[in-house]
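See below for start_36.txt, which holds compact mmCIF, C-alpha atoms.
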# COMPACT_ATOMS: atom_id res chain seq x y z
CA MET E 1 57.51 130.05 156.27
CA ALA E 2 57.66 126.27 155.83
CA VAL E 3 55.67 126.53 152.60
CA ILE E 4 58.10 129.09 151.17
CA TRP E 5 61.08 126.86 152.00
CA THR E 6 59.35 123.83 150.51
CA VAL E 7 58.85 125.78 147.29
CA LYS E 8 62.53 126.86 147.43
CA ALA E 9 63.68 123.25 147.99
CA ILE E 10 61.59 121.93 145.09
CA GLY E 11 62.81 124.82 142.94
CA LEU E 12 66.44 124.04 143.77
CA GLY E 13 65.84 120.37 142.96
CA VAL E 14 64.35 121.28 139.58
CA VAL E 15 67.26 123.63 138.84
CA ALA E 16 69.80 120.93 139.83
CA PHE E 17 68.02 118.39 137.65
CA SER E 18 67.81 120.70 134.63
CA LEU E 19 71.47 121.71 135.05
CA SER E 20 72.50 118.06 135.06
CA LEU E 21 70.39 117.52 131.92
CA GLU E 22 72.25 120.32 130.18
CA LEU E 23 75.60 118.99 131.44
CA PHE E 24 74.91 115.55 129.98
CA ALA E 25 73.63 116.96 126.72
CA TRP E 26 76.87 118.97 126.41
CA LEU E 27 78.99 115.94 127.31
CA GLY E 28 77.05 113.87 124.77
CA ARG E 29 77.82 116.38 122.03
CA ARG E 30 81.51 116.55 123.00
CA LEU E 31 82.02 112.80 123.30
CA ARG E 32 79.95 111.73 120.30
CA PRO E 33 82.31 110.17 117.73
CA VAL E 34 82.73 112.08 114.49
CA ARG E 35 80.36 110.66 111.84
CA SER E 36 82.32 107.90 110.22
CA CYS E 37 82.62 107.30 106.51
CA ASN E 38 81.35 103.94 105.28
CA GLU E 39 80.51 103.74 101.61
CA VAL E 40 80.09 100.85 99.21
CA LEU E 41 80.42 101.19 95.44
CA PHE E 42 79.38 98.54 92.94
CA PHE E 43 80.62 98.14 89.40
CA PRO E 44 80.38 98.09 86.40
CA SER E 45 80.03 101.82 86.61
CA GLU E 46 77.79 103.83 84.32
CA LEU E 47 79.72 105.73 81.69
CA ALA E 48 80.05 109.46 82.33
CA CYS E 49 82.46 112.26 81.57
CA VAL E 50 84.98 112.82 84.41
CA GLU E 51 86.52 116.08 83.17
CA ARG E 52 84.60 118.11 85.74
CA ILE E 53 86.15 116.02 88.52
CA PHE E 54 89.67 116.79 87.31
CA ASN E 55 88.90 120.46 86.57
CA PRO E 56 86.06 121.52 88.89
CA THR E 57 86.68 125.25 88.43
CA SER E 58 87.31 125.24 84.69
CA PRO E 59 85.05 127.67 82.74
CA PHE E 60 85.11 125.32 79.76
CA THR E 61 82.53 122.59 79.32
CA CYS E 62 83.70 119.29 77.93
CA LEU E 63 82.06 118.58 74.59
CA CYS E 64 82.47 114.80 74.58
CA SER E 65 79.46 112.58 73.91
CA LEU E 66 79.35 111.03 77.38
CA PRO E 67 76.75 112.15 79.94
CA HIS E 68 77.96 115.10 82.03
CA ASP E 69 77.50 115.94 85.71
CA VAL E 70 76.36 112.40 86.45
CA GLU E 71 77.57 110.85 89.72
CA THR E 72 78.66 107.25 89.14
CA SER E 73 80.56 104.60 91.11
CA PHE E 74 83.67 105.53 89.18
CA SER E 75 83.28 109.27 89.77
CA ARG E 76 82.82 108.59 93.51
CA LEU E 77 86.00 106.48 93.49
CA LEU E 78 87.91 109.22 91.64
CA ARG E 79 86.72 111.89 94.11
CA HIS E 80 87.89 109.85 97.09
CA ILE E 81 91.31 109.30 95.50
CA LEU E 82 91.66 112.96 94.51
CA SER E 83 90.76 114.00 98.08
CA ALA E 84 94.32 113.03 99.12
CA SER E 85 96.17 116.08 100.40
CA SER E 86 99.33 114.57 101.91
CA SER E 87 99.78 110.91 100.97
CA LEU E 88 98.41 108.05 98.91
CA ASP E 89 99.57 104.47 99.47
CA LEU E 90 98.40 102.20 96.67
CA CYS E 91 98.70 98.42 96.65
CA VAL E 92 97.14 97.05 93.49
CA PHE E 93 97.53 93.92 91.38
CA ALA E 94 96.62 95.38 87.97
CA PHE E 95 96.78 99.06 87.07
CA SER E 96 95.96 100.01 83.48
CA ASN E 97 93.07 102.47 83.85
CA MET E 98 94.17 105.78 82.30
CA ASP E 99 91.76 107.96 84.32
CA LEU E 100 93.05 106.45 87.56
CA GLY E 101 96.61 106.92 86.27
CA ARG E 102 95.79 110.57 85.55
CA ALA E 103 94.43 110.97 89.10
CA ILE E 104 97.70 109.68 90.55
CA LEU E 105 99.72 112.04 88.33
CA VAL E 106 97.53 115.00 89.40
CA LEU E 107 98.14 114.17 93.08
CA HIS E 108 101.88 113.77 92.42
CA SER E 109 102.01 117.18 90.73
CA LYS E 110 100.35 118.71 93.80
CA GLY E 111 103.08 117.33 96.06
CA VAL E 112 101.10 114.42 97.52
CA THR E 113 103.50 111.63 98.54
CA ILE E 114 102.63 108.57 96.46
CA ARG E 115 103.84 105.02 97.14
CA VAL E 116 102.76 102.27 94.76
CA LEU E 117 103.13 98.54 95.40
CA THR E 118 102.19 96.29 92.51
CA ASP E 119 102.56 92.84 91.04
CA LYS E 120 105.78 92.40 89.09
CA ASP E 121 104.21 90.30 86.32
CA TYR E 122 101.28 92.61 85.64
CA ALA E 123 103.46 95.77 85.88
CA ALA E 124 105.32 94.68 82.75
CA ILE E 125 102.35 94.05 80.44
CA ASN E 126 101.21 96.32 77.64
CA GLY E 127 98.87 99.07 78.76
CA SER E 128 100.04 99.06 82.37
CA GLN E 129 100.16 102.52 83.94
CA ILE E 130 103.10 101.55 86.14
CA GLY E 131 105.69 102.68 83.57
CA VAL E 132 103.91 106.05 83.22
CA LEU E 133 103.99 106.56 86.99
CA ARG E 134 107.69 105.64 87.21
CA LYS E 135 108.56 108.03 84.39
CA ALA E 136 106.80 110.80 86.33
CA GLY E 137 109.08 110.06 89.30
CA ILE E 138 106.53 108.24 91.44
CA CYS E 139 107.94 105.65 93.81
CA VAL E 140 106.88 102.16 92.68
CA ARG E 141 107.88 98.82 94.19
CA CYS E 142 107.04 95.37 92.84
CA ASP E 143 106.55 92.28 94.98
CA VAL E 144 109.59 90.05 95.05
CA GLY E 145 107.79 86.78 95.75
CA SER E 146 106.83 84.15 93.22
CA VAL E 147 103.10 84.50 93.93
CA TYR E 148 100.62 87.24 93.06
CA MET E 149 100.45 90.53 94.94
CA HIS E 150 96.67 90.34 94.57
CA HIS E 151 95.61 93.22 96.85
CA LYS E 152 93.48 96.06 95.49
CA PHE E 153 93.56 98.72 98.18
CA ALA E 154 94.60 102.31 98.73
CA VAL E 155 95.02 104.43 101.85
CA VAL E 156 94.32 108.15 101.45
CA ASP E 157 96.16 110.50 103.87
CA GLY E 158 96.37 107.67 106.40
CA ARG E 159 92.67 108.33 107.12
CA LEU E 160 90.63 106.54 104.47
CA LEU E 161 90.75 102.96 103.25
CA ILE E 162 89.62 102.08 99.71
CA THR E 163 89.51 98.32 99.15
CA GLY E 164 87.60 95.63 97.32
CA SER E 165 87.61 93.29 94.36
CA LEU E 166 88.26 96.00 91.76
CA ASN E 167 91.58 96.08 89.93
CA TRP E 168 92.48 99.48 88.51
CA THR E 169 91.66 98.48 84.93
CA LEU E 170 89.13 99.66 82.36
CA GLN E 171 87.51 96.23 82.21
CA ALA E 172 87.01 96.14 85.98
CA VAL E 173 85.45 99.62 86.03
CA GLN E 174 83.27 99.34 82.93
CA GLY E 175 82.74 95.61 82.43
CA ASN E 176 82.99 93.40 85.50
CA MET E 177 80.76 93.00 88.52
CA GLU E 178 82.96 94.41 91.27
CA ASN E 179 82.83 96.10 94.65
CA ILE E 180 84.74 98.78 96.53
CA ILE E 181 84.46 99.67 100.21
CA ILE E 182 85.47 103.15 101.40
CA THR E 183 85.83 103.42 105.16
CA ASP E 184 87.62 105.32 107.90
CA GLU E 185 86.73 102.72 110.56
CA PRO E 186 89.97 102.46 112.59
CA ASP E 187 89.63 98.68 113.16
CA LEU E 188 89.65 98.20 109.38
CA LEU E 189 91.92 101.06 108.34
CA HIS E 190 94.85 100.52 110.72
CA PRO E 191 95.60 96.87 109.82
CA PHE E 192 95.81 97.90 106.14
CA ILE E 193 98.20 100.78 106.97
CA LYS E 194 100.37 98.35 108.96
CA GLU E 195 100.29 95.75 106.19
CA PHE E 196 101.20 98.33 103.53
CA ASN E 197 104.21 99.48 105.55
CA ARG E 198 105.26 95.85 106.12
CA LEU E 199 105.03 95.04 102.40
CA TRP E 200 106.75 98.30 101.47
CA VAL E 201 109.80 97.38 103.56
CA LEU E 202 109.64 93.71 102.51
CA ASN E 203 109.77 94.69 98.84
CA ASP E 204 112.49 97.31 99.17
CA PRO E 205 114.70 96.68 96.11
CA ALA E 206 117.77 97.74 98.13
CA GLN E 207 117.28 94.63 100.24
CA HIS E 208 117.10 92.36 97.22
CA HIS E 209 120.02 93.68 95.16
CA ARG E 210 117.69 94.70 92.35
CA PRO E 211 117.60 98.04 90.52
CA ALA E 212 115.69 100.62 92.54
CA HIS E 213 112.53 101.99 90.92
CA CYS E 214 112.27 105.24 92.87
CA MET G 1 64.29 127.07 161.09
CA ALA G 2 65.70 128.77 158.02
CA VAL G 3 68.98 126.85 158.40
CA ILE G 4 67.17 123.50 158.53
CA TRP G 5 65.23 124.32 155.39
CA THR G 6 68.38 125.46 153.65
CA VAL G 7 70.01 122.10 154.45
CA LYS G 8 66.86 120.33 153.23
CA ALA G 9 66.86 122.37 149.99
CA ILE G 10 70.54 121.62 149.32
CA GLY G 11 69.96 117.96 150.19
CA LEU G 12 67.06 117.75 147.75
CA GLY G 13 69.22 119.37 145.09
CA VAL G 14 71.97 116.82 145.65
CA VAL G 15 69.46 113.95 145.55
CA ALA G 16 67.92 115.28 142.31
CA PHE G 17 71.38 115.67 140.77
CA SER G 18 72.53 112.16 141.79
CA LEU G 19 69.25 110.65 140.57
CA SER G 20 69.72 112.31 137.19
CA LEU G 21 73.30 110.93 137.09
CA GLU G 22 71.97 107.43 137.66
CA LEU G 23 69.24 107.93 135.07
CA PHE G 24 71.78 108.96 132.41
CA ALA G 25 74.17 106.16 133.33
CA TRP G 26 71.28 103.68 132.90
CA LEU G 27 70.23 105.26 129.62
CA GLY G 28 73.86 105.13 128.45
CA ARG G 29 74.04 101.40 129.16
CA ARG G 30 70.69 100.76 127.44
CA LEU G 31 71.48 102.82 124.33
CA ARG G 32 75.13 101.80 123.89
CA PRO G 33 75.47 99.92 120.59
CA VAL G 34 76.45 96.27 120.77
CA ARG G 35 80.21 95.87 120.23
CA SER G 36 80.64 95.57 116.50
CA CYS G 37 82.77 93.04 114.68
CA ASN G 38 85.51 94.44 112.48
CA GLU G 39 88.34 92.08 111.61
CA VAL G 40 90.96 92.08 108.88
CA LEU G 41 92.78 88.96 107.71
CA PHE G 42 95.85 88.93 105.49
CA PHE G 43 97.08 86.11 103.33
CA PRO G 44 98.99 83.96 102.45
CA SER G 45 97.92 82.07 105.53
CA GLU G 46 100.27 79.94 107.58
CA LEU G 47 99.70 76.24 107.02
CA ALA G 48 97.89 74.46 109.85
CA CYS G 49 95.58 71.51 110.32
CA VAL G 50 91.89 72.49 110.22
CA GLU G 51 90.38 69.18 111.40
CA ARG G 52 89.71 70.58 114.86
CA ILE G 53 87.62 73.37 113.32
CA PHE G 54 85.43 70.87 111.47
CA ASN G 55 85.22 68.46 114.44
CA PRO G 56 85.68 70.52 117.60
CA THR G 57 84.26 67.83 119.90
CA SER G 58 85.92 64.81 118.32
CA PRO G 59 87.95 62.71 120.79
CA PHE G 60 90.40 61.78 118.03
CA THR G 61 93.48 63.85 117.32
CA CYS G 62 94.48 64.32 113.70
CA LEU G 63 97.86 62.76 113.02
CA CYS G 64 98.77 64.79 109.93
CA SER G 65 102.14 66.51 109.79
CA LEU G 66 100.74 70.06 109.81
CA PRO G 67 100.85 72.19 112.98
CA HIS G 68 97.79 71.68 115.17
CA ASP G 69 95.75 74.11 117.27
CA VAL G 70 97.34 77.08 115.52
CA GLU G 71 95.07 80.03 114.72
CA THR G 72 95.74 81.31 111.20
CA SER G 73 94.06 83.69 108.79
CA PHE G 74 92.51 80.69 107.07
CA SER G 75 91.25 79.12 110.29
CA ARG G 76 89.68 82.49 111.26
CA LEU G 77 87.98 82.63 107.85
CA LEU G 78 86.72 79.06 108.21
CA ARG G 79 85.34 79.75 111.69
CA HIS G 80 83.41 82.79 110.47
CA ILE G 81 81.92 80.79 107.57
CA LEU G 82 81.05 77.84 109.81
CA SER G 83 79.34 80.22 112.27
CA ALA G 84 76.37 80.40 109.86
CA SER G 85 73.25 79.02 111.49
CA SER G 86 70.49 79.97 109.05
CA SER G 87 71.89 81.23 105.72
CA LEU G 88 75.03 81.78 103.69
CA ASP G 89 75.01 83.88 100.53
CA LEU G 90 78.22 83.46 98.58
CA CYS G 91 79.23 85.50 95.55
CA VAL G 92 82.66 84.43 94.38
CA PHE G 93 84.58 84.51 91.11
CA ALA G 94 86.77 81.42 91.62
CA PHE G 95 85.97 78.56 93.99
CA SER G 96 88.32 75.58 94.01
CA ASN G 97 89.51 75.39 97.64
CA MET G 98 88.48 71.99 98.98
CA ASP G 99 88.42 73.01 102.66
CA LEU G 100 86.09 75.89 101.84
CA GLY G 101 83.98 73.50 99.74
CA ARG G 102 83.83 71.13 102.71
CA ALA G 103 82.70 74.00 104.95
CA ILE G 104 79.83 74.78 102.58
CA LEU G 105 78.81 71.11 102.48
CA VAL G 106 78.88 70.91 106.29
CA LEU G 107 76.60 73.95 106.53
CA HIS G 108 74.29 72.49 103.87
CA SER G 109 74.05 69.20 105.80
CA LYS G 110 73.05 71.18 108.91
CA GLY G 111 70.15 72.79 107.05
CA VAL G 112 71.73 76.19 106.48
CA THR G 113 70.24 77.78 103.33
CA ILE G 114 73.10 78.26 100.86
CA ARG G 115 72.94 80.41 97.74
CA VAL G 116 76.01 80.56 95.49
CA LEU G 117 76.58 83.07 92.70
CA THR G 118 79.66 82.50 90.60
CA ASP G 119 81.36 83.27 87.31
CA LYS G 120 80.17 80.99 84.50
CA ASP G 121 83.62 80.63 82.91
CA TYR G 122 85.46 79.75 86.11
CA ALA G 123 82.68 77.40 87.30
CA ALA G 124 83.43 75.08 84.40
CA ILE G 125 87.18 74.65 84.87
CA ASN G 126 88.93 71.63 86.31
CA GLY G 127 89.15 71.63 90.09
CA SER G 128 86.21 73.98 90.59
CA GLN G 129 84.10 73.13 93.63
CA ILE G 130 80.93 74.39 91.93
CA GLY G 131 80.07 70.96 90.47
CA VAL G 132 80.51 69.34 93.91
CA LEU G 133 78.14 71.87 95.46
CA ARG G 134 75.54 71.36 92.73
CA LYS G 135 75.71 67.59 93.12
CA ALA G 136 75.02 68.02 96.84
CA GLY G 137 71.85 69.95 95.96
CA ILE G 138 73.14 73.41 96.74
CA CYS G 139 71.58 76.21 94.76
CA VAL G 140 74.13 77.73 92.37
CA ARG G 141 73.59 80.46 89.80
CA CYS G 142 76.12 81.72 87.25
CA ASP G 143 76.26 85.25 85.91
CA VAL G 144 74.66 85.59 82.49
CA GLY G 145 76.67 88.59 81.31
CA SER G 146 79.69 88.50 79.07
CA VAL G 147 82.00 90.06 81.69
CA TYR G 148 83.49 88.64 84.87
CA MET G 149 81.46 88.19 88.04
CA HIS G 150 84.57 89.24 89.96
CA HIS G 151 83.13 89.66 93.50
CA LYS G 152 84.59 87.67 96.39
CA PHE G 153 82.12 88.16 99.23
CA ALA G 154 79.86 86.17 101.51
CA VAL G 155 77.06 87.17 103.87
CA VAL G 156 76.60 84.96 106.94
CA ASP G 157 73.09 84.83 108.45
CA GLY G 158 72.39 88.29 107.03
CA ARG G 159 74.55 89.68 109.87
CA LEU G 160 78.20 89.36 108.84
CA LEU G 161 79.96 90.44 105.68
CA ILE G 162 83.12 88.65 104.51
CA THR G 163 84.74 90.42 101.56
CA GLY G 164 88.11 91.23 100.05
CA SER G 165 90.56 90.34 97.31
CA LEU G 166 90.67 86.62 98.13
CA ASN G 167 89.20 84.13 95.69
CA TRP G 168 88.25 80.81 97.26
CA THR G 169 91.23 78.96 95.80
CA LEU G 170 94.23 77.17 97.31
CA GLN G 171 96.66 79.55 95.61
CA ALA G 172 94.89 82.60 97.05
CA VAL G 173 94.91 81.14 100.57
CA GLN G 174 98.42 79.69 100.63
CA GLY G 175 100.31 81.63 97.96
CA ASN G 176 99.10 85.11 97.14
CA MET G 177 99.17 88.33 99.11
CA GLU G 178 95.47 88.89 99.80
CA ASN G 179 93.08 90.50 102.25
CA ILE G 180 89.70 89.76 103.77
CA ILE G 181 87.49 92.09 105.81
CA ILE G 182 84.92 90.66 108.22
CA THR G 183 82.41 93.20 109.47
CA ASP G 184 78.88 93.59 110.75
CA GLU G 185 78.89 97.37 110.18
CA PRO G 186 75.35 98.00 108.78
CA ASP G 187 76.51 100.70 106.34
CA LEU G 188 78.81 98.14 104.71
CA LEU G 189 76.77 94.97 105.23
CA HIS G 190 73.38 96.12 103.93
CA PRO G 191 74.53 97.30 100.46
CA PHE G 192 76.13 93.87 99.92
CA ILE G 193 72.93 92.07 100.98
CA LYS G 194 70.94 94.26 98.57
CA GLU G 195 73.45 93.70 95.75
CA PHE G 196 73.44 89.92 96.30
CA ASN G 197 69.64 89.80 96.10
CA ARG G 198 69.70 91.97 92.96
CA LEU G 199 72.27 89.71 91.27
CA TRP G 200 70.43 86.58 92.43
CA VAL G 201 67.25 87.69 90.68
CA LEU G 202 69.15 89.06 87.67
CA ASN G 203 70.83 85.70 87.13
CA ASP G 204 67.76 83.56 87.66
CA PRO G 205 68.03 80.89 84.92
CA ALA G 206 64.22 80.81 84.65
CA GLN G 207 64.36 84.35 83.28
CA HIS G 208 66.95 83.45 80.66
CA HIS G 209 65.47 80.20 79.34
CA ARG G 210 68.50 78.24 80.49
CA PRO G 211 68.53 74.99 82.46
CA ALA G 212 68.04 75.65 86.16
CA HIS G 213 70.89 74.63 88.42
CA CYS G 214 68.94 74.22 91.63
This entry written out as structure tokens:
Amino acid sequence: MAVIWTVKAIGLGVVAFSLSLELFAWLGRRLRPVRSCNEVLFFPSELACVERIFNPTSPFTCLCSLPHDVETSFSRLLRHILSASSSLDLCVFAFSNMDLGRAILVLHSKGVTIRVLTDKDYAAINGSQIGVLRKAGICVRCDVGSVYMHHKFAVVDGRLLITGSLNWTLQAVQGNMENIIITDEPDLLHPFIKEFNRLWVLNDPAQHHRPAHC
Amino acid sequence: MAVIWTVKAIGLGVVAFSLSLELFAWLGRRLRPVRSCNEVLFFPSELACVERIFNPTSPFTCLCSLPHDVETSFSRLLRHILSASSSLDLCVFAFSNMDLGRAILVLHSKGVTIRVLTDKDYAAINGSQIGVLRKAGICVRCDVGSVYMHHKFAVVDGRLLITGSLNWTLQAVQGNMENIIITDEPDLLHPFIKEFNRLWVLNDPAQHHRPAHC
């Protein structure tokens, strides 16, 4: 009789132990943070055709002389920008890259809310995409200070930070040695969201008696 | 008899369950990652005296007219740079800020291994700190390409990445709107370490039949 109960007691202990193992494994799966995004891109980027990124379902193949279906730093950057589904906040010193301008126009045409903060001196130079964006009805504000608005960051859907040394110019993408970080790490992302909103209000033309740009 | 054994069986089950709880709690403590460093600094920085950062144990109080014992974005940046104990790899487009130059010289005098990569055009202009660093015996290499070496990052002791839009100039620190990220996130840190080493070898003057700078 005692032997049977000893076996039962040990059996119950084993069951309790295995149940607790399963419980902790389940809790571990539930509580494990979602895999975060941390990516670093270096430039200059290799040259490659980006038509497929703008028209992924098109039946037509681009016939340009650039390499096709090649993933580059620039194509990765474009994909992250084009992943915006609700908002894109862009704070960039120099913006003259036509492919990046096209990406912003594509997002705007899809109803993504775009806010652009840029440097007032660079916005006025030849080749700047800022005029193109304004003509399309995109909300653009220029810094009102006497110094440079030297940031080069974007926030996609309030969930993804894109920041680094890279201005949105052709020379930066194809010529210079540059870097871009793409991250959804909250400790990095949230200060940039807060700073964008602060600068957006600070540079509201209505507060400075200047013509509104949006 | 049966009742006693039932109590024993349940008791053993409870003991097994509580032991497994303790085991998992211990494992959780052992396996928990060390708290990571993720900090964002925005500029322009408030003006403040930085003497206390360079001489934290000095009995003398600086008598300059700037605010003292005020933590600013620039003082945070200085502290992170001065935390280097074995190595500092610096890859920066423009370097003319004298306080940052002083920080590098202090680290060099303490035996920290310094490697500086910079843009060849900017290194030659008036006010650049690059000549001062070279005269002190610090190893400096300039990019050999025709484009800009536009990075602005540093790696402290191979454990901390400092990167952003901020050039190491007085205007960037005190005038412009800029950002700096400080992180030890491996997914961000390691690509920068790899890129620095790649650029360091790529710009080795011995490979380009130019005079060595270190």
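Taking CA of Lys135 (chain G) as the reference point, CA of Ala154 (chain G) is found at 20.8 Å.
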Worksheet item: Looking at only C-alpha atoms, which of E:Asn97, E:Thr72, E:Ser86, E:Asn176 is the one that sits closest to Arg115 (chain E)?
Response: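 For Arg115 (chain E), the nearest of the candidates is E:Ser86.
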Fill in: Separation of CA of Thr183 (chain E) from CA of Ser36 (chain E) in Å
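One can read the CA of Ser36 (chain E) to CA of Thr183 (chain E) distance as 7.6 Å.
Each of E:Glu22, E:Asp157, E:Glu39, E:Asp121 was checked against chain G using only C-alpha atoms; the smallest atom-to-atom distance is that of E:Glu39.
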Worksheet item: Near Asp119 (chain G), within 12 Å and counting all atoms listed in the file, which residues show up once chain neighbours fewer than 2 positions away are dropped, as a PyMOL selection string?
Response: (chain E and resi 176-178) or (chain G and resi 90-95+116-117+121-125+128+130+140-152+167+199+203)
Prev. selection, C-alpha atoms, output as a short mmCIF file (atom, residue, chain, number, x, y, z; two decimals), in the frame of the given file:
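selection.cif, written as the output of this step:
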data_model
loop_
_atom_site.label_atom_id
_atom_site.label_comp_id
_atom_site.auth_asym_id
_atom_site.auth_seq_id
_atom_site.Cartn_x
_atom_site.Cartn_y
_atom_site.Cartn_z
CA ASN E 176 82.99 93.40 85.50
CA MET E 177 80.76 93.00 88.52
CA GLU E 178 82.96 94.41 91.27
CA LEU G 90 78.22 83.46 98.58
CA CYS G 91 79.23 85.50 95.55
CA VAL G 92 82.66 84.43 94.38
CA PHE G 93 84.58 84.51 91.11
CA ALA G 94 86.77 81.42 91.62
CA PHE G 95 85.97 78.56 93.99
CA VAL G 116 76.01 80.56 95.49
CA LEU G 117 76.58 83.07 92.70
CA ASP G 121 83.62 80.63 82.91
CA TYR G 122 85.46 79.75 86.11
CA ALA G 123 82.68 77.40 87.30
CA ALA G 124 83.43 75.08 84.40
CA ILE G 125 87.18 74.65 84.87
CA SER G 128 86.21 73.98 90.59
CA ILE G 130 80.93 74.39 91.93
CA VAL G 140 74.13 77.73 92.37
CA ARG G 141 73.59 80.46 89.80
CA CYS G 142 76.12 81.72 87.25
CA ASP G 143 76.26 85.25 85.91
CA VAL G 144 74.66 85.59 82.49
CA GLY G 145 76.67 88.59 81.31
CA SER G 146 79.69 88.50 79.07
CA VAL G 147 82.00 90.06 81.69
CA TYR G 148 83.49 88.64 84.87
CA MET G 149 81.46 88.19 88.04
CA HIS G 150 84.57 89.24 89.96
CA HIS G 151 83.13 89.66 93.50
CA LYS G 152 84.59 87.67 96.39
CA ASN G 167 89.20 84.13 95.69
CA LEU G 199 72.27 89.71 91.27
CA ASN G 203 70.83 85.70 87.13
#
Worksheet item: Using only C-alpha atoms, which of E:Val173, E:Leu63, E:Val112, E:Leu21 sits nearest chain G?
Response: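 Closest to chain G, using only C-alpha atoms: E:Leu21.
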If you take only C-alpha atoms and a cut-off of 8 Å, which residues of chain E touch chain G, and what are their nearest atom pairs and distances in Å to one decimal, in chain and number order, as JSON lines?
{"residue": "E:Ala2", "atom": "CA", "partner": "G:Trp5", "partner_atom": "CA", "distance": 7.8}
{"residue": "E:Trp5", "atom": "CA", "partner": "G:Trp5", "partner_atom": "CA", "distance": 5.9}
{"residue": "E:Thr6", "atom": "CA", "partner": "G:Trp5", "partner_atom": "CA", "distance": 7.7}
{"residue": "E:Lys8", "atom": "CA", "partner": "G:Ala9", "partner_atom": "CA", "distance": 6.7}
{"residue": "E:Ala9", "atom": "CA", "partner": "G:Ala9", "partner_atom": "CA", "distance": 3.9}
{"residue": "E:Ile10", "atom": "CA", "partner": "G:Ala9", "partner_atom": "CA", "distance": 7.2}
{"residue": "E:Leu12", "atom": "CA", "partner": "G:Gly13", "partner_atom": "CA", "distance": 5.6}
{"residue": "E:Gly13", "atom": "CA", "partner": "G:Gly13", "partner_atom": "CA", "distance": 4.1}
{"residue": "E:Val14", "atom": "CA", "partner": "G:Ala16", "partner_atom": "CA", "distance": 7.5}
{"residue": "E:Val15", "atom": "CA", "partner": "G:Gly13", "partner_atom": "CA", "distance": 7.8}
{"residue": "E:Ala16", "atom": "CA", "partner": "G:Gly13", "partner_atom": "CA", "distance": 5.5}
{"residue": "E:Phe17", "atom": "CA", "partner": "G:Phe17", "partner_atom": "CA", "distance": 5.3}
{"residue": "E:Ser20", "atom": "CA", "partner": "G:Phe17", "partner_atom": "CA", "distance": 6.3}
{"residue": "E:Leu21", "atom": "CA", "partner": "G:Ser20", "partner_atom": "CA", "distance": 7.4}
{"residue": "E:Phe24", "atom": "CA", "partner": "G:Phe24", "partner_atom": "CA", "distance": 7.7}
{"residue": "E:Asn38", "atom": "CA", "partner": "G:Asp187", "partner_atom": "CA", "distance": 5.9}
{"residue": "E:Glu39", "atom": "CA", "partner": "G:Leu188", "partner_atom": "CA", "distance": 6.6}
{"residue": "E:Val40", "atom": "CA", "partner": "G:Leu188", "partner_atom": "CA", "distance": 6.3}
{"residue": "E:Val147", "atom": "CA", "partner": "G:Asn176", "partner_atom": "CA", "distance": 5.2}
{"residue": "E:Tyr148", "atom": "CA", "partner": "G:Asn176", "partner_atom": "CA", "distance": 4.8}
{"residue": "E:Met149", "atom": "CA", "partner": "G:Met177", "partner_atom": "CA", "distance": 4.9}
{"residue": "E:His150", "atom": "CA", "partner": "G:Glu178", "partner_atom": "CA", "distance": 5.6}
{"residue": "E:His151", "atom": "CA", "partner": "G:Glu178", "partner_atom": "CA", "distance": 5.2}
{"residue": "E:Lys152", "atom": "CA", "partner": "G:Ser165", "partner_atom": "CA", "distance": 6.7}
{"residue": "E:Thr163", "atom": "CA", "partner": "G:Gly164", "partner_atom": "CA", "distance": 7.3}
{"residue": "E:Gly164", "atom": "CA", "partner": "G:Gly164", "partner_atom": "CA", "distance": 5.2}
{"residue": "E:Ser165", "atom": "CA", "partner": "G:Ser165", "partner_atom": "CA", "distance": 5.1}
{"residue": "E:Leu166", "atom": "CA", "partner": "G:His150", "partner_atom": "CA", "distance": 7.9}
{"residue": "E:Gly175", "atom": "CA", "partner": "G:Val147", "partner_atom": "CA", "distance": 5.6}
{"residue": "E:Asn176", "atom": "CA", "partner": "G:Tyr148", "partner_atom": "CA", "distance": 4.8}
{"residue": "E:Met177", "atom": "CA", "partner": "G:Met149", "partner_atom": "CA", "distance": 4.9}
{"residue": "E:Glu178", "atom": "CA", "partner": "G:His151", "partner_atom": "CA", "distance": 5.3}
{"residue": "E:Asn179", "atom": "CA", "partner": "G:His151", "partner_atom": "CA", "distance": 6.5}
{"residue": "E:Ile181", "atom": "CA", "partner": "G:Leu188", "partner_atom": "CA", "distance": 7.4}
{"residue": "E:Asp187", "atom": "CA", "partner": "G:Asn38", "partner_atom": "CA", "distance": 6.0}
{"residue": "E:Leu188", "atom": "CA", "partner": "G:Val40", "partner_atom": "CA", "distance": 6.3}
{"residue": "E:Pro191", "atom": "CA", "partner": "G:Val40", "partner_atom": "CA", "distance": 6.7}
Practice prompt. Mind giving me the straight-line distance from CA of Ser109 (chain E) to CA of Leu82 (chain E) in Å, one decimal?
Written response: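 Going from CA of Ser109 (chain E) over to CA of Leu82 (chain E) covers 11.8 Å.
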Worksheet entry | Non-local contacts of Gly137 (chain G) (10 Å; all atoms listed in the file; under 3 positions in same chain excluded) as a PyMOL selection string | chain G and resi 105+108+114+131-134+140+213-214
Which residues are near Val70 (chain E)? Cut-off 9 Å, all atoms listed in the file, ignore same chain within fewer than 2 positions. Put them as an mmCIF file with C-alpha atoms, keeping the file's coordinate frame.
data_model
loop_
_atom_site.group_PDB
_atom_site.id
_atom_site.type_symbol
_atom_site.label_atom_id
_atom_site.label_comp_id
_atom_site.auth_asym_id
_atom_site.auth_seq_id
_atom_site.Cartn_x
_atom_site.Cartn_y
_atom_site.Cartn_z
ATOM 1 C CA GLU E 46 77.790 103.830 84.320
ATOM 2 C CA LEU E 47 79.720 105.730 81.690
ATOM 3 C CA ALA E 48 80.050 109.460 82.330
ATOM 4 C CA CYS E 49 82.460 112.260 81.570
ATOM 5 C CA VAL E 50 84.980 112.820 84.410
ATOM 6 C CA PRO E 67 76.750 112.150 79.940
ATOM 7 C CA HIS E 68 77.960 115.100 82.030
ATOM 8 C CA THR E 72 78.660 107.250 89.140
ATOM 9 C CA SER E 75 83.280 109.270 89.770
#
